[in-house]
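J.: Got a file for you: model-v2.cif, mmCIF, C-alpha atoms.
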data_data
loop_
_atom_site.label_atom_id
_atom_site.label_comp_id
_atom_site.auth_asym_id
_atom_site.auth_seq_id
_atom_site.Cartn_x
_atom_site.Cartn_y
_atom_site.Cartn_z
CA MET A 1010 -41.84 34.24 34.09
CA THR A 1011 -44.39 31.70 32.88
CA TYR A 1012 -42.09 30.50 30.11
CA SER A 1013 -39.19 30.23 32.54
CA LEU A 1014 -41.25 28.04 34.85
CA LEU A 1015 -42.31 25.84 31.93
CA PHE A 1016 -38.67 25.40 30.88
CA ILE A 1017 -37.73 24.37 34.42
CA ILE A 1018 -40.60 21.89 34.79
CA ALA A 1019 -39.92 20.42 31.34
CA ALA A 1020 -36.24 20.02 32.19
CA TYR A 1021 -37.09 18.13 35.36
CA LEU A 1022 -39.55 15.85 33.58
CA LEU A 1023 -37.07 15.12 30.80
CA GLY A 1024 -34.39 14.40 33.38
CA SER A 1025 -36.80 12.01 35.10
CA LEU A 1026 -36.79 9.69 32.07
CA SER A 1027 -34.28 7.15 33.35
CA SER A 1028 -32.18 6.09 30.37
CA ALA A 1029 -30.82 3.10 32.29
CA ILE A 1030 -34.20 1.69 33.24
CA ILE A 1031 -35.79 2.36 29.85
CA THR A 1032 -32.82 0.91 27.94
CA CYS A 1033 -32.75 -2.25 30.04
CA LYS A 1034 -36.49 -2.72 29.61
CA LEU A 1035 -36.33 -2.28 25.82
CA LEU A 1036 -33.38 -4.69 25.52
CA GLY A 1037 -34.91 -7.29 27.80
CA LEU A 1038 -32.32 -6.81 30.52
CA PRO A 1039 -32.88 -6.88 34.30
CA ASP A 1040 -34.03 -3.68 35.98
CA PRO A 1041 -30.77 -1.96 37.00
CA ARG A 1042 -32.31 -0.98 40.33
CA GLY A 1043 -32.47 -4.64 41.28
CA ALA A 1044 -29.39 -6.04 39.52
CA GLY A 1045 -25.66 -5.48 39.75
CA SER A 1046 -24.94 -2.53 42.02
CA GLY A 1047 -28.60 -1.49 42.07
CA ASN A 1048 -27.77 1.89 40.56
CA PRO A 1049 -29.64 3.01 37.41
CA GLY A 1050 -26.60 4.41 35.64
CA THR A 1051 -24.19 3.74 32.79
CA THR A 1052 -21.62 1.80 34.82
CA ASN A 1053 -24.16 -0.63 36.19
CA VAL A 1054 -25.83 -1.07 32.79
CA LEU A 1055 -22.40 -1.90 31.37
CA ARG A 1056 -22.06 -4.67 33.92
CA ILE A 1057 -25.58 -5.96 33.36
CA GLY A 1058 -25.97 -5.66 29.59
CA GLY A 1059 -22.63 -4.85 28.00
CA LYS A 1060 -21.27 -2.00 25.89
CA LYS A 1061 -24.25 -1.47 23.57
CA ALA A 1062 -26.69 -0.95 26.42
CA ALA A 1063 -24.19 1.22 28.28
CA VAL A 1064 -23.62 3.50 25.28
CA ILE A 1065 -27.35 3.95 24.75
CA THR A 1066 -27.74 4.81 28.43
CA LEU A 1067 -24.83 7.23 28.36
CA VAL A 1068 -26.15 9.07 25.30
CA GLY A 1069 -29.63 9.25 26.78
CA ASP A 1070 -28.37 10.64 30.08
CA PHE A 1071 -26.17 13.17 28.28
CA LEU A 1072 -29.03 14.42 26.10
CA LYS A 1073 -31.27 14.89 29.14
CA GLY A 1074 -28.88 17.57 30.34
CA PHE A 1075 -27.90 18.98 26.95
CA VAL A 1076 -31.26 19.43 25.19
CA PRO A 1077 -33.18 21.47 27.81
CA VAL A 1078 -30.24 23.82 28.36
CA VAL A 1079 -29.81 24.47 24.63
CA ILE A 1080 -33.53 25.13 24.23
CA ALA A 1081 -33.60 27.42 27.25
CA LEU A 1082 -30.60 29.35 25.95
CA HIS A 1083 -32.35 29.78 22.60
CA PHE A 1084 -35.53 31.22 24.11
CA SER A 1085 -34.24 32.94 27.24
CA THR A 1086 -31.50 35.47 27.97
CA HIS A 1087 -31.84 35.22 31.75
CA SER A 1088 -28.89 33.45 33.32
CA ILE A 1089 -30.94 32.54 36.40
CA THR A 1090 -33.43 30.67 34.19
CA ILE A 1091 -30.62 28.81 32.44
CA VAL A 1092 -29.07 27.81 35.75
CA ALA A 1093 -32.45 26.66 37.09
CA VAL A 1094 -32.98 24.53 33.97
CA MET A 1095 -29.55 22.93 34.39
CA ILE A 1096 -30.23 22.09 38.03
CA ALA A 1097 -33.77 20.86 37.25
CA ALA A 1098 -32.52 18.47 34.56
CA LEU A 1099 -29.95 17.02 36.96
CA ALA A 1100 -32.52 16.83 39.78
CA GLY A 1101 -34.80 14.86 37.48
CA HIS A 1102 -32.03 12.36 36.85
CA LEU A 1103 -31.15 12.08 40.53
CA TRP A 1104 -34.75 11.90 41.74
CA PRO A 1105 -36.94 10.84 38.77
CA ILE A 1106 -40.64 11.26 39.45
CA PHE A 1107 -41.48 8.49 36.97
CA PHE A 1108 -39.30 5.88 38.71
CA ARG A 1109 -40.00 6.24 42.42
CA PHE A 1110 -37.30 8.91 42.74
CA GLN A 1111 -34.60 6.24 42.35
CA GLY A 1112 -32.04 7.87 40.06
CA GLY A 1113 -28.38 7.63 39.15
CA LYS A 1114 -25.30 9.61 40.12
CA GLY A 1115 -25.76 12.37 37.52
CA VAL A 1116 -22.34 12.50 35.88
CA ALA A 1117 -23.44 12.18 32.23
CA THR A 1118 -26.46 14.46 32.69
CA ALA A 1119 -24.30 17.10 34.35
CA ALA A 1120 -21.81 16.85 31.47
CA GLY A 1121 -24.63 17.32 28.98
CA ALA A 1122 -25.83 20.42 30.81
CA LEU A 1123 -22.30 21.85 30.78
CA PHE A 1124 -21.96 21.22 27.04
CA GLY A 1125 -25.30 22.94 26.54
CA LEU A 1126 -24.13 25.95 28.53
CA ALA A 1127 -20.80 26.29 26.70
CA TRP A 1128 -18.99 23.59 24.75
CA PRO A 1129 -15.50 24.51 26.08
CA ILE A 1130 -16.74 23.90 29.62
CA GLY A 1131 -18.33 20.61 28.64
CA LEU A 1132 -15.22 19.53 26.77
CA SER A 1133 -13.08 20.44 29.78
CA ALA A 1134 -15.30 18.26 31.95
CA VAL A 1135 -15.01 15.28 29.61
CA LEU A 1136 -11.24 15.64 29.23
CA THR A 1137 -10.77 15.95 32.99
CA TRP A 1138 -12.86 12.86 33.58
CA LEU A 1139 -10.97 10.89 30.92
CA LEU A 1140 -7.57 11.94 32.27
CA ILE A 1141 -8.35 10.77 35.80
CA ALA A 1142 -10.30 7.69 34.73
CA ILE A 1143 -7.61 6.44 32.37
CA SER A 1144 -4.76 7.09 34.80
CA THR A 1145 -6.46 5.61 37.88
CA ARG A 1146 -9.23 3.38 36.43
CA LEU A 1147 -11.47 4.85 39.12
CA SER A 1148 -14.66 6.22 37.59
CA SER A 1149 -15.86 7.74 40.84
CA LEU A 1150 -12.58 9.55 41.49
CA ALA A 1151 -12.75 10.95 37.95
CA ALA A 1152 -16.30 12.17 38.58
CA LEU A 1153 -15.40 13.77 41.91
CA THR A 1154 -12.31 15.49 40.51
CA THR A 1155 -14.29 16.82 37.56
CA ALA A 1156 -17.07 18.09 39.82
CA ILE A 1157 -14.61 19.99 41.98
CA ALA A 1158 -12.87 21.54 38.96
CA MET A 1159 -15.92 22.63 36.94
CA PRO A 1160 -16.97 25.74 38.92
CA PHE A 1161 -13.45 27.13 38.45
CA VAL A 1162 -13.48 26.25 34.76
CA THR A 1163 -16.89 27.90 34.38
CA TYR A 1164 -15.71 31.13 35.94
CA TRP A 1165 -12.57 31.05 33.79
CA TRP A 1166 -14.60 30.79 30.57
CA LEU A 1167 -17.65 32.88 31.37
CA SER A 1168 -16.60 35.21 34.21
CA ASP A 1169 -20.21 35.09 35.40
CA SER A 1170 -21.06 34.61 39.07
CA VAL A 1171 -24.58 33.28 38.37
CA TYR A 1172 -23.39 30.53 36.02
CA THR A 1173 -20.47 29.73 38.31
CA GLY A 1174 -22.81 29.45 41.28
CA GLY A 1175 -25.17 27.22 39.31
CA VAL A 1176 -22.35 24.89 38.28
CA ALA A 1177 -21.17 24.84 41.89
CA VAL A 1178 -24.64 23.62 42.94
CA ILE A 1179 -24.52 20.92 40.27
CA ALA A 1180 -21.03 19.90 41.40
CA THR A 1181 -22.21 19.71 45.01
CA LEU A 1182 -25.15 17.47 44.09
CA VAL A 1183 -22.86 15.12 42.14
CA ILE A 1184 -20.39 14.98 45.03
CA LEU A 1185 -23.13 14.29 47.59
CA ARG A 1186 -24.44 11.53 45.35
CA HIS A 1187 -21.01 9.92 45.54
CA ARG A 1188 -20.80 9.78 49.34
CA SER A 1189 -20.51 6.00 49.42
CA ASN A 1190 -17.84 6.13 46.71
CA ILE A 1191 -15.83 8.57 48.81
CA LYS A 1192 -15.93 6.15 51.74
CA ASN A 1193 -14.79 3.31 49.48
CA LEU A 1194 -11.97 5.42 48.03
CA ILE A 1195 -10.72 6.22 51.52
CA ALA A 1196 -10.95 2.55 52.49
CA GLY A 1197 -9.28 1.44 49.25
CA THR A 1198 -12.22 -0.79 48.27
CA GLU A 1199 -13.63 1.18 45.34
CA SER A 1200 -14.23 -0.87 42.18
CA ARG A 1201 -12.06 -0.03 39.18
CA ILE A 1202 -13.07 0.36 35.55
CA GLY A 1203 -12.76 -2.90 33.65
CA ARG A 1204 -13.50 -5.12 36.59
CA SER A 1205 -15.32 -8.09 35.08
CA LYS A 1206 -16.96 -9.42 38.21
CA PRO A 1207 -20.42 -7.95 38.81
CA SER A 1208 -20.45 -5.68 41.80
CA THR A 1209 -22.83 -5.83 44.73
CA ASN A 1210 -21.65 -2.46 45.93
CA PRO A 1211 -24.42 0.18 45.60
CA SER A 1212 -21.90 2.93 45.03
CA GLU A 1213 -21.37 2.58 41.31
CA ASN A 1214 -20.89 5.74 39.31
CA ASN A 1215 -23.36 7.65 37.09
#
Here is the file; what I need is its structure written in the form of structure tokens.
T.:
Amino acid sequence: MTYSLLFIIAAYLLGSLSSAIITCKLLGLPDPRGAGSGNPGTTNVLRIGGKKAAVITLVGDFLKGFVPVVIALHFSTHSITIVAVMIAALAGHLWPIFFRFQGGKGVATAAGALFGLAWPIGLSAVLTWLLIAISTRLSSLAALTTAIAMPFVTYWWLSDSVYTGGVAVIATLVILRHRSNIKNLIAGTESRIGRSKPSTNPSENN
């Protein structure tokens, strides 16, 4: 029980290390919370600092979800602990204690957690996101579609109600974090991938 609690706390603290804010600071870029869309995520970093900064941010966010889940799986056989670690890592990204609880949208961190749980599930998430993103150029729509699909994919691969329920919680958090994007999608005002003009819309993805 003690080890399980330590894994969960460590996952949250690791998730709280905002890759976007740290990357921008190290590269001498503006704080993403006060520039572009105001969202500390990959999409906004791409707009602020370009591809290099965005890739670093994406990898960092992915690893925050992947590493704690892999470690927890190595040391624990309890599915409830694994699920709690996954959710804690995402919660850290969404509400980072080190950065005034101002986090991103959680897409990359959630993908990392899914890869850590089972690579076919993680790969399914990435492929689903790419399919929708490439066909529509709407990053948020790709994230929402992926979130909705992942609980079903998880049950298909693992046939485990605990893991499926955990992924459903993660999917719900990601969807709730995209509330403003949903409104923009309905209104037809959502920004598309590749748009060169910096956005002032606080609903950017990730």
J.: I'd like the interatomic distance between atom CA of Ala1120 of chain A and atom CA of Gly1197 of chain A, to a tenth of an Å.
T.: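 For atom CA of Ala1120 of chain A relative to atom CA of Gly1197 of chain A, the distance reads 26.7 Å.
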J.: For Ser1189 of chain A, which of A:Ile1106, A:Leu1167, A:Leu1153, A:Ile1202 is the closest residue, counting only C-alpha atoms?
T.: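 Comparing A:Ile1106, A:Leu1167, A:Leu1153, A:Ile1202 against Ser1189 of chain A, the winner is A:Leu1153.
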J.: Which is closer to Thr1163 of chain A than all the others in A:Ala1127, A:Val1079, A:Leu1022, A:Leu1139, using all atoms listed in the file?
T.: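 Closest candidate: A:Ala1127.
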J.: Determine the nearest neighbour of Ile1195 of chain A from the options A:Leu1150, A:Val1092, A:Thr1173, A:Ala1117, counting only C-alpha atoms.
T.: A:Leu1150
J.: Of the candidates A:Arg1109, A:Leu1082, A:Asn1048, A:Ser1028, which one gets nearest to Leu1067 of chain A if we count only C-alpha atoms?
T.: A:Ser1028
J.: Rank A:Thr1181, A:Ser1168, A:Thr1086, A:Ser1200 by their smallest atom-to-atom distance to Tyr1012 of chain A, using all atoms listed in the file, and report the top residue only.
T.: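 Closest to Tyr1012 of chain A, using all atoms listed in the file: A:Thr1086.
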J.: Could you tell me how far atom CA of Ser1149 of chain A sits from atom CA of Val1135 of chain A, in Å to one decimal place?
T.: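 About the pair atom CA of Val1135 of chain A and atom CA of Ser1149 of chain A: they are 13.6 Å apart.
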J.: Env of Ser1013 of chain A: 9 Å cut, atoms = only C-alpha atoms, seq-sep filter 6 positions within chain, self excluded. Answer as a list in words.
T.: Ala1081, Ser1085, His1087, Thr1090, Ile1091, Ala1093 and Val1094 of chain A
J.: Got a sec to resolve the PyMOL selection byres ((chain A and resi 1112) around 9) on this structure and send the residues as a list in words?
T.: Ser1025, Ser1027, Arg1042, Asn1048, Pro1049, Gly1050, Ala1100, Gly1101, His1102, Leu1103, Trp1104, Pro1105, Phe1108, Arg1109, Phe1110, Gln1111, Gly1113, Lys1114 and Gly1115 of chain A
J.: What gap, in Å, lies between atom CA of Leu1185 of chain A and atom CA of Val1076 of chain A?
T.: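 About the pair atom CA of Leu1185 of chain A and atom CA of Val1076 of chain A: they are 24.4 Å apart.
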J.: To test your reading of the syntax: which residues would the PyMOL selection byres ((chain A and resi 1032) around 12) return for the file shown? Reply as a VMD selection string.
T.: chain A and resid 1026 to 1031 1033 to 1041 1049 to 1051 1054 to 1055 1057 to 1059 1061 to 1070
J.: Find, counting all atoms listed in the file, the residue in A:Gly1047, A:Gly1024, A:Pro1160, A:Pro1129 that gets nearest to Gly1074 of chain A.
T.: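 Closest candidate: A:Gly1024.
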J.: Just the residues within 10 Å of segment 1131-1133 of chain A, please, counting all atoms listed in the file, with nothing from its chain fewer than 4 positions along; format it as a list in words.
T.: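 Answer for this query is Phe1075, Ala1119, Ala1120, Gly1121, Ala1122, Leu1123, Phe1124, Gly1125, Leu1126, Ala1127, Thr1137, Trp1138, Leu1139, Thr1155, Ala1158, Met1159, Val1162 and Thr1163 of chain A.
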J.: Any chance you could work out the axis-aligned box around segment 1140-1145 of chain A, listed atoms only, 4 Å on each side, giving centre and edge lengths in Å to one decimal, as AutoDock Vina command-line options?
T.:
--center_x -7.5 --center_y 8.8 --center_z 35.1 --size_x 13.5 --size_y 14.3 --size_z 13.6
J.: Model the absent atoms of segment 1013-1026 of chain A so that N, CA and C atoms are present, and write the result as a tab-separated table (two decimals), in the frame of the given file.
T.:
chain	number	residue	atom	x	y	z
A	1013	SER	N	-40.32	30.71	31.74
A	1013	SER	CA	-39.19	30.23	32.54
A	1013	SER	C	-39.59	29.04	33.40
A	1014	LEU	N	-40.77	29.13	34.02
A	1014	LEU	CA	-41.25	28.04	34.85
A	1014	LEU	C	-41.51	26.79	34.02
A	1015	LEU	N	-42.06	26.97	32.83
A	1015	LEU	CA	-42.31	25.84	31.93
A	1015	LEU	C	-41.00	25.16	31.53
A	1016	PHE	N	-39.98	25.96	31.23
A	1016	PHE	CA	-38.67	25.40	30.88
A	1016	PHE	C	-38.14	24.56	32.03
A	1017	ILE	N	-38.26	25.07	33.24
A	1017	ILE	CA	-37.73	24.37	34.42
A	1017	ILE	C	-38.47	23.06	34.66
A	1018	ILE	N	-39.79	23.10	34.59
A	1018	ILE	CA	-40.60	21.89	34.79
A	1018	ILE	C	-40.29	20.86	33.70
A	1019	ALA	N	-40.21	21.33	32.45
A	1019	ALA	CA	-39.92	20.42	31.34
A	1019	ALA	C	-38.55	19.78	31.50
A	1020	ALA	N	-37.59	20.55	31.98
A	1020	ALA	CA	-36.24	20.02	32.19
A	1020	ALA	C	-36.25	18.92	33.25
A	1021	TYR	N	-37.00	19.15	34.31
A	1021	TYR	CA	-37.09	18.13	35.36
A	1021	TYR	C	-37.76	16.86	34.84
A	1022	LEU	N	-38.83	17.02	34.10
A	1022	LEU	CA	-39.55	15.85	33.58
A	1022	LEU	C	-38.70	15.07	32.59
A	1023	LEU	N	-37.96	15.79	31.73
A	1023	LEU	CA	-37.07	15.12	30.80
A	1023	LEU	C	-35.97	14.38	31.56
A	1024	GLY	N	-35.42	15.03	32.57
A	1024	GLY	CA	-34.39	14.40	33.38
A	1024	GLY	C	-34.89	13.16	34.10
A	1025	SER	N	-36.21	13.13	34.38
A	1025	SER	CA	-36.80	12.01	35.10
A	1025	SER	C	-36.97	10.75	34.24
A	1026	LEU	N	-36.73	10.87	32.95
A	1026	LEU	CA	-36.79	9.69	32.07
A	1026	LEU	C	-35.48	8.92	32.23
